[in-house]
Amino acid sequence: MADGLTIAVLSGKGGTGKTLVSVNLAAVAGDATYLDCDVEEPNGHLFLKPTPISEETITIGKPVVDQSLCDGCKICSDACAFKALAVIKGSLLIFSEICHSCGLCYHLCPQGALTEVQQSIGVLKTGERGALAVHSAVMNIGEPSGVPLIKELGKRRGGAITIIDSPPGSGCLVHETIAHADFCLLVAEPTRFGEQNLALVHELVTLMGKPAALVLNKTIGGLNPSEAYARANNLPIIASIPWDEKLGRLTSDGELAVEKDEHYRFLFTTLLERIKEEVRHA
Amino acid sequence: MRRLLILSGKGGTGKTTVASTFIALSGVQAWADCDVDAPNLHLVSGSFTTSEQRDYHDLPKAVIDPLRCTACNRCHEVCRFDAITVGATYTVDPIACEGCTFCLHVCPEGAITMEESKAGDLFLHTRGDQTFSTATLLMGSGTTGKLVTAVKDQLKGSGAPLAILDGSPGIGCPVIASLTGATLALMVAEPSMSGLADLKRVIASARVLQVPTAVVVNKADVNREKCEAIEAYCLREEIPFLGTIPYDGSVVELLNRGENLSRSESPAAVAIKTIWERTNALLETL
C-alpha cells in the first residue's frame, strides 16, 4: 500500500486527453509512479519511453477437468452463475472465456475432478525514467476482462505521487481503477459528446466517494458544454488547455510537451500543485 | 441481418461522427449505439415517434442479513472479488460483487441471499421504418459485454437488411460483444503513434473473431507522416484503406448543435460521403 497521493486521470469519453495529461503530470512529478491502467490500449510508454527493468506474465486461474474423475453430476454446471460449465452427453465442457475465476466449482465438486490452472491474460512491464517508475500492463488480444491486470497494477503504487492513466468509459475497468485513487482528475473536451460522458464519469466518482476536479482540454472559445456542466454541478475546473496545433503535433509524434515547451512545463507543474491543494481541502 | 460496425481501438478518433453520417447518408433502417459505457449516438440521431424502455438486469448480487450474520469470516475467505466488507456484521459491496454465489454456498448461517439488480436501461426508438437501439449502464454496474449483446438483439425484430453499429473504444468484452457476428468492422484511426498502436490491437481482435476489417484515417492532416504510416501498414496487411478525413473545425460546431454532418458541405462531410460509397461497395463484396 502506498503512503503517497494517488491521482486517477479519467474522462468517460475516449480521446479527450487522459494520456496527454497523465504522462505530462508524471514527467514533472519527480519521485513518482505512473500506472497505465488502459490495459486494452496502453499508450503511456510511447511518450515516457521508460528504460525496461522487468516483465511479468499475469495469470488467472481457470478450471480444468480430469474426465476420468468427473461423473457428470452437474453440481458445478448448475451452480456456475456465468454458465461457463456445461455437461453435454455426460461429459463436462468448460468455456474458459466466460469464466470469472470465482473458484466455486472446485469447492463444490464432490469428485475432486476440477483443478485450477493458471492462464496468461497479459504482461505487466516495469521500467524507469529517472526518478519516475513506469508500470504498464498489456492485456492479451481476445481476453474479455483486464480487471485482474488493473488489480495487479494497483499494487505498484509508490513514491510521493502515483498518476493513474485510466481506461475510457465508466464500466468495470474504470471502477477498479478508481478504487485505487485518492483523487480523480477528469479531462473533458468542449463537445456535447464530451459533456455527456463527463456527466457519467462524474456520477461514478461521486458514487464512489472520491474528490474530483476537471481539466478542460482542446478549448476553442465560444460554447463549451463540458464547462457549463462543471459550473452547474459544483465540479471545480482547475486547468484549461487551449486547442493548439503544435501540442497536437507533439502528442501525435509521441513527444512529451513538458520537455519540448516551457509553457507546457509551467502548465503541468502548476496543475500538479493545484491538485495537491484540492486534495488538502477535500 | 448484415452488420457494419464502426470501431477504433483508441477513443475519440471520430467513430460516432462517422457512424452518424453513414446512418443519414445510407438511409439504413436499423442502427445501434454499442458504446454503452459512454453512449453519444442519440445526440445526433434526431427525434423519434415512439420510444420503449426496458430494464436490463445483471446477475443477482449477494446480500447479507445482519440479523443472521455471526461474522464467522467464511464469505470473506472465499470471495475473490474483494466484495465482502468486514465489520461487526459483514456487508457486500454491490459494485465489487460479480454474483458468483460462492459466499452463499459457504455461509453456515444461511444469512446470504441473492437479490436481483438492475444494471442498465435498454431503449428502442422508432420513426417510420427506422429503428435505433441504445442503452445506458447504471453506474456501478460492470457487465457491459452482455448489455452490448442485448442492444444488438433489440434490432433483430426490425427486419432491416443492414444495421450500422457504433462501437466502443478498447478491445475488451464490449468490443468482443459488438464484433461477434459483424459483417465488416470499419476502423476509424487517428494519425498518431497511439492511434497506430491501438489500431493494430483492435485489428488483431477482429481477426480472432474472423471479422473482415477496413480502415479510414480521421483528422489526417494533423500528422501526414503518421497517416502515411497507417496507410502503409494497411497495404502490408492487405486491409482495405478507404480514405482520409481532414481536420475540420466546423465538425465540433455542427455536432454541438446536434446536427448531422450528412447535410453539410464541409470538407470532413464531403470526405465521409466518399468513404461511405467505398464502404458500401466493399460491403457488397462480403
# chains A, B, ... in the order shown; residues from 1 in each chain; ligands from 1

$ residues_around --residues "Phe48 in chain B" --least-positions-apart "2" --cutoff "8 Å" --atoms "only C-alpha atoms" --output "list in words"
Gly46, Thr50, Ser51, His125, Thr126 and Arg127 of chain B

$ write_last_selection --atoms "N, CA and C atoms" --output "PDB file, in the first residue's frame"
ATOM      1  N   GLY B  46     -31.491  12.540 -34.087  1.00  0.00           N
ATOM      2  CA  GLY B  46     -32.778  13.204 -34.275  1.00  0.00           C
ATOM      3  C   GLY B  46     -33.807  12.718 -33.276  1.00  0.00           C
ATOM      4  N   THR B  50     -41.797   6.873 -31.454  1.00  0.00           N
ATOM      5  CA  THR B  50     -42.068   6.030 -30.281  1.00  0.00           C
ATOM      6  C   THR B  50     -40.753   5.604 -29.640  1.00  0.00           C
ATOM      7  N   SER B  51     -40.787   5.451 -28.326  1.00  0.00           N
ATOM      8  CA  SER B  51     -39.611   5.017 -27.580  1.00  0.00           C
ATOM      9  C   SER B  51     -40.039   4.035 -26.496  1.00  0.00           C
ATOM     10  N   HIS B 125     -35.910   3.028 -30.025  1.00  0.00           N
ATOM     11  CA  HIS B 125     -36.613   4.197 -30.591  1.00  0.00           C
ATOM     12  C   HIS B 125     -37.001   3.889 -32.024  1.00  0.00           C
ATOM     13  N   THR B 126     -38.189   4.325 -32.445  1.00  0.00           N
ATOM     14  CA  THR B 126     -38.582   4.119 -33.836  1.00  0.00           C
ATOM     15  C   THR B 126     -39.219   5.377 -34.415  1.00  0.00           C
ATOM     16  N   ARG B 127     -39.077   5.526 -35.727  1.00  0.00           N
ATOM     17  CA  ARG B 127     -39.838   6.519 -36.506  1.00  0.00           C
ATOM     18  C   ARG B 127     -39.966   5.930 -37.903  1.00  0.00           C
TER      19      ARG B 127
END

$ interface_residues --of "chain B" --to "chain A" --cutoff "6 Å" --atoms "only C-alpha atoms" --output "PyMOL selection string"
chain B and resi 11-12+37-38+40+80+100+102+139+142+170-173+192-194+198+205+256

$ write_last_selection --atoms "C-alpha atoms" --output "mmCIF file, in the first residue's frame"
data_model
loop_
_atom_site.group_PDB
_atom_site.id
_atom_site.type_symbol
_atom_site.label_atom_id
_atom_site.label_comp_id
_atom_site.auth_asym_id
_atom_site.auth_seq_id
_atom_site.Cartn_x
_atom_site.Cartn_y
_atom_site.Cartn_z
ATOM 1 C CA GLY B 11 -11.073 6.531 -28.125
ATOM 2 C CA GLY B 12 -12.087 9.877 -29.549
ATOM 3 C CA ASP B 37 -20.238 2.920 -21.208
ATOM 4 C CA ALA B 38 -20.309 6.300 -22.911
ATOM 5 C CA ASN B 40 -23.479 9.535 -27.698
ATOM 6 C CA ARG B 80 -12.205 -13.461 -4.937
ATOM 7 C CA CYS B 100 -20.844 -15.855 -8.323
ATOM 8 C CA PHE B 102 -19.627 -18.670 -3.595
ATOM 9 C CA MET B 139 -23.381 3.498 -12.535
ATOM 10 C CA GLY B 142 -19.946 -3.814 -14.867
ATOM 11 C CA GLY B 170 -10.671 -0.663 -26.480
ATOM 12 C CA ILE B 171 -10.572 -4.374 -27.266
ATOM 13 C CA GLY B 172 -12.252 -5.956 -24.212
ATOM 14 C CA CYS B 173 -15.651 -7.520 -23.584
ATOM 15 C CA SER B 192 -0.599 9.404 -34.167
ATOM 16 C CA MET B 193 1.750 6.924 -32.536
ATOM 17 C CA SER B 194 -1.032 5.978 -30.126
ATOM 18 C CA ASP B 198 -4.267 0.922 -30.885
ATOM 19 C CA SER B 205 -9.000 -8.638 -32.077
ATOM 20 C CA ASN B 256 -22.620 20.642 -30.644
#

$ closest_residue --among "B:Leu104, B:Val63, B:Ala268, B:Leu235" --to "Val92 in chain B" --atoms "only C-alpha atoms"
B:Val63

$ atom_distance --atom1 "CA of Pro191 in chain B" --atom2 "CA of Gly167 in chain B"
19.4 Å

$ closest_residue --among "B:Gly157, B:Gly128, B:Pro94, B:Gly195" --to "Glu115 in chain B" --atoms "only C-alpha atoms"
B:Pro94

$ select_by_dssp --residues "range 36-237 of chain A" --states "helix (DSSP H, G or I)" --output "ChimeraX atom specification"
/A:44-48,75-79,96-98,104-108,147-154,172-179,192-207,225-232

$ residues_around --residues "range 14-26 of chain B" --least-positions-apart "2" --cutoff "8 Å" --atoms "only C-alpha atoms" --output "list in words"
Ile6, Leu7, Ser8, Gly12, Val28, Trp31, Asn40, Leu41, Val44, Ser45, Ile164, Leu165, Asp166, Gly167, Val188, Asn218, Asn260, Leu261, Ser262, Ala269, Ile272, Lys273 and Trp276 of chain B

$ atom_distance --atom1 "CA of Gln67 in chain A" --atom2 "CA of Leu92 in chain A"
7.5 Å

$ residues_around --residues "Ala133 in chain A" --least-positions-apart "2" --cutoff "7 Å" --atoms "only C-alpha atoms" --output "list in words"
Ala32, Thr33, Tyr34, Gly127, Glu128, Arg129, Ala131 and His135 of chain A

$ write_last_selection --atoms "N, CA and C atoms" --output "PDB file, in the first residue's frame"
ATOM      1  N   ALA A  32       8.017   9.627  -8.331  1.00  0.00           N
ATOM      2  CA  ALA A  32       6.617   9.300  -8.586  1.00  0.00           C
ATOM      3  C   ALA A  32       6.495   7.988  -9.343  1.00  0.00           C
ATOM      4  N   THR A  33       5.239   7.559  -9.498  1.00  0.00           N
ATOM      5  CA  THR A  33       4.942   6.330 -10.228  1.00  0.00           C
ATOM      6  C   THR A  33       3.854   6.626 -11.251  1.00  0.00           C
ATOM      7  N   TYR A  34       4.011   6.068 -12.427  1.00  0.00           N
ATOM      8  CA  TYR A  34       2.975   6.176 -13.457  1.00  0.00           C
ATOM      9  C   TYR A  34       2.440   4.772 -13.713  1.00  0.00           C
ATOM     10  N   GLY A 127       9.390  -0.263 -15.891  1.00  0.00           N
ATOM     11  CA  GLY A 127      10.570   0.442 -16.364  1.00  0.00           C
ATOM     12  C   GLY A 127      10.773   1.695 -15.542  1.00  0.00           C
ATOM     13  N   GLU A 128      11.804   2.458 -15.903  1.00  0.00           N
ATOM     14  CA  GLU A 128      12.012   3.710 -15.171  1.00  0.00           C
ATOM     15  C   GLU A 128      12.448   4.800 -16.130  1.00  0.00           C
ATOM     16  N   ARG A 129      12.152   6.001 -15.668  1.00  0.00           N
ATOM     17  CA  ARG A 129      12.543   7.182 -16.416  1.00  0.00           C
ATOM     18  C   ARG A 129      13.024   8.160 -15.363  1.00  0.00           C
ATOM     19  N   ALA A 131      13.626   9.390 -11.917  1.00  0.00           N
ATOM     20  CA  ALA A 131      13.035   9.019 -10.623  1.00  0.00           C
ATOM     21  C   ALA A 131      11.620   8.452 -10.782  1.00  0.00           C
ATOM     22  N   HIS A 135       4.857   1.687 -14.893  1.00  0.00           N
ATOM     23  CA  HIS A 135       4.287   0.335 -14.978  1.00  0.00           C
ATOM     24  C   HIS A 135       3.148   0.344 -15.984  1.00  0.00           C
TER      25      HIS A 135
END

$ residues_around --residues "range 236-240 of chain B" --least-positions-apart "6" --cutoff "10 Å" --atoms "only C-alpha atoms" --output "ChimeraX atom specification"
/B:186,203,212-216,230,278-279,282

$ select_by_dssp --residues "range 11-259 of chain A" --states "strand (DSSP E)" --output "number ranges by chain"
A: 32-36, 51-65, 85-88, 91-94, 114-129, 132-139, 161-165, 183-188, 212-219, 237-242
